[in-house]
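The structure under discussion appears below in the form of structure tokens.
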Amino acid sequence: MNLLITGANRGLGYEIAAEALERGHAVIAGVRSPGQENDKLSALAAKYGERLTVAELDVTDEAGIAALAA
């Protein structure tokens with residue numbers, strides 16, 4: 001299953017993403033600033049490789065949401 005999780009760089013979003021990856025799902029981790037170093041997401045990427053995609057996503061930016069969907 002492919003999952004899009006918003007706010008995946010911290011808090012509940014991160015925990016949900018980590019659990020989904022552990023269960024074998026592919027995760028698109030939506031974060032506001034994907035270029036910023038995030039040790040937690042980097043560790044998940046190292047562990048799960050191609051099953052984790054980090055994508056820029058600000059839920060208040062409709063054009064950005066449409067671009068991600070495309």
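Letters for chains follow the order of the structure tokens (A, B, ...), residue numbers begin at 1 for each chain, and ligand numbers begin at 1 in the order shown.
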Next item on the list: Find the spatial neighbours of His25 (chain A), counting only C-alpha atoms, within a cut-off of 8 Å - ignore same-chain residues fewer than 6 positions away - and output them as a ChimeraX atom specification.
Entry: /A:1-3,51
Residue subset to file, keeping C-alpha atoms, as an mmCIF file, in the first residue's frame:
```
data_model
loop_
_atom_site.group_PDB
_atom_site.id
_atom_site.type_symbol
_atom_site.label_atom_id
_atom_site.label_comp_id
_atom_site.auth_asym_id
_atom_site.auth_seq_id
_atom_site.Cartn_x
_atom_site.Cartn_y
_atom_site.Cartn_z
ATOM 1 C CA MET A 1 0.000 0.000 0.000
ATOM 2 C CA ASN A 2 1.206 3.541 -0.775
ATOM 3 C CA LEU A 3 0.565 6.145 1.909
ATOM 4 C CA ARG A 51 10.037 2.745 0.197
#
```
Next item on the list: Determine, counting only C-alpha atoms, which protein, DNA and RNA residues have an atom within 10 Å of an atom of Ser33 (chain A); residues of the same chain fewer than 2 positions away are not included. Present the result as a ChimeraX atom specification.
Entry: /A:9,30-31,35-38,54-58
Preceding selection exported with N, CA, C and O atoms as a tab-separated table (two decimals), in the first residue's frame:
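Ended up saving to out_30.tsv:
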```
chain	number	residue	atom	x	y	z
A	9	ASN	N	7.85	14.76	9.41
A	9	ASN	CA	9.19	15.01	9.93
A	9	ASN	C	9.24	15.11	11.45
A	9	ASN	O	10.31	15.17	12.04
A	30	GLY	N	5.26	13.85	3.58
A	30	GLY	CA	5.06	15.25	3.27
A	30	GLY	C	5.63	16.14	4.35
A	30	GLY	O	5.28	16.01	5.52
A	31	VAL	N	6.55	17.05	3.95
A	31	VAL	CA	7.17	17.98	4.89
A	31	VAL	C	7.23	19.36	4.24
A	31	VAL	O	7.27	19.48	3.02
A	35	GLY	N	14.47	20.14	2.17
A	35	GLY	CA	15.90	20.36	2.10
A	35	GLY	C	16.57	20.47	3.45
A	35	GLY	O	17.78	20.33	3.57
A	36	GLN	N	15.79	20.72	4.51
A	36	GLN	CA	16.37	20.81	5.84
A	36	GLN	C	16.76	19.43	6.33
A	36	GLN	O	16.01	18.47	6.16
A	37	GLU	N	17.92	19.33	6.94
A	37	GLU	CA	18.39	18.05	7.48
A	37	GLU	C	17.49	17.62	8.63
A	37	GLU	O	17.18	18.40	9.52
A	38	ASN	N	17.04	16.39	8.57
A	38	ASN	CA	16.23	15.83	9.64
A	38	ASN	C	16.78	14.44	9.95
A	38	ASN	O	16.65	13.52	9.14
A	54	VAL	N	10.54	11.51	0.43
A	54	VAL	CA	10.28	12.76	1.13
A	54	VAL	C	9.89	13.80	0.08
A	54	VAL	O	10.62	14.01	-0.89
A	55	ALA	N	8.73	14.42	0.28
A	55	ALA	CA	8.21	15.38	-0.70
A	55	ALA	C	7.82	16.69	-0.01
A	55	ALA	O	7.33	16.68	1.12
A	56	GLU	N	8.02	17.78	-0.73
A	56	GLU	CA	7.61	19.08	-0.20
A	56	GLU	C	6.09	19.15	-0.20
A	56	GLU	O	5.44	18.91	-1.22
A	57	LEU	N	5.53	19.50	0.96
A	57	LEU	CA	4.07	19.58	1.07
A	57	LEU	C	3.70	20.54	2.19
A	57	LEU	O	3.99	20.29	3.35
A	58	ASP	N	3.09	21.64	1.81
A	58	ASP	CA	2.51	22.58	2.76
A	58	ASP	C	1.01	22.51	2.53
A	58	ASP	O	0.53	22.91	1.46
```
Item checked: All helix (DSSP H, G or I) residues (DSSP, backbone) inside chain A, as a PyMOL selection string -> chain A and resi 11-22+39-51+62-69
Margin query: Nearest residue to Ala45 (chain A) out of A:Arg23, A:Leu4, A:Ala67, A:Ala29, using only C-alpha atoms?
Written below: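 Residue with the minimum atom-to-atom distance to Ala45 (chain A): A:Ala29.
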Next item on the list: Select from chain A everything DSSP, run on the backbone, classes as strand (DSSP E or B), then give the selection as JSON, numbers by chain.
Entry: {"A": [2, 3, 4, 5, 6, 26, 27, 28, 29, 30, 31, 52, 53, 54, 55, 56]}
Could you take the residues named above and write them with N, CA and C atoms, as a CSV table (one decimal), in the first residue's frame?
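The new file selection-v1.csv reads:
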```csv
chain,number,residue,atom,x,y,z
A,2,ASN,N,0.5,2.3,-0.7
A,2,ASN,CA,1.2,3.5,-0.8
A,2,ASN,C,0.5,4.5,0.1
A,3,LEU,N,1.2,5.2,1.0
A,3,LEU,CA,0.6,6.1,1.9
A,3,LEU,C,1.2,7.5,1.8
A,4,LEU,N,0.4,8.6,1.8
A,4,LEU,CA,0.9,9.9,1.9
A,4,LEU,C,0.6,10.4,3.3
A,5,ILE,N,1.7,10.8,4.0
A,5,ILE,CA,1.6,11.2,5.4
A,5,ILE,C,2.1,12.6,5.5
A,6,THR,N,1.2,13.5,6.0
A,6,THR,CA,1.6,14.9,6.2
A,6,THR,C,2.3,15.1,7.5
A,26,ALA,N,4.8,1.6,1.5
A,26,ALA,CA,5.6,2.6,0.9
A,26,ALA,C,5.0,3.9,1.4
A,27,VAL,N,5.9,4.9,1.7
A,27,VAL,CA,5.4,6.1,2.3
A,27,VAL,C,6.0,7.3,1.6
A,28,ILE,N,5.1,8.3,1.3
A,28,ILE,CA,5.4,9.6,0.8
A,28,ILE,C,5.3,10.5,2.0
A,29,ALA,N,6.5,11.0,2.5
A,29,ALA,CA,6.5,11.8,3.7
A,29,ALA,C,6.4,13.2,3.3
A,30,GLY,N,5.3,13.8,3.6
A,30,GLY,CA,5.1,15.3,3.3
A,30,GLY,C,5.6,16.1,4.4
A,31,VAL,N,6.6,17.0,3.9
A,31,VAL,CA,7.2,18.0,4.9
A,31,VAL,C,7.2,19.4,4.2
A,52,LEU,N,10.6,4.9,1.1
A,52,LEU,CA,10.4,6.3,1.7
A,52,LEU,C,10.7,7.3,0.7
A,53,THR,N,9.8,8.2,0.4
A,53,THR,CA,10.0,9.3,-0.5
A,53,THR,C,9.6,10.6,0.3
A,54,VAL,N,10.5,11.5,0.4
A,54,VAL,CA,10.3,12.8,1.1
A,54,VAL,C,9.9,13.8,0.1
A,55,ALA,N,8.7,14.4,0.3
A,55,ALA,CA,8.2,15.4,-0.7
A,55,ALA,C,7.8,16.7,0.0
A,56,GLU,N,8.0,17.8,-0.7
A,56,GLU,CA,7.6,19.1,-0.2
A,56,GLU,C,6.1,19.2,-0.2
```
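Closest approach to Asp39 (chain A) among A:Glu19, A:Tyr14, A:Gly24, A:Ala70 is made by A:Tyr14 (distances from only C-alpha atoms).
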Note to self: Between CA of Ala17 (chain A) and CA of Pro34 (chain A), what is the distance in Å, rounded to a tenth?
What the structure shows: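 Interatomic distance, CA of Ala17 (chain A) to CA of Pro34 (chain A): 15.1 Å.
Between CA of Glu22 (chain A) and CA of Leu44 (chain A) there is a distance of 9.7 Å.
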Checklist line | Residue nearest Ala18 (chain A) among A:Arg32, A:Ala69, A:Glu62, A:Leu41 (counting only C-alpha atoms) | finding: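 Among the listed residues, the smallest separation from Ala18 (chain A) belongs to A:Leu41.
One distance worth recording is that between CA of Ala43 (chain A) and CA of Ala20 (chain A), which is 14.7 Å.
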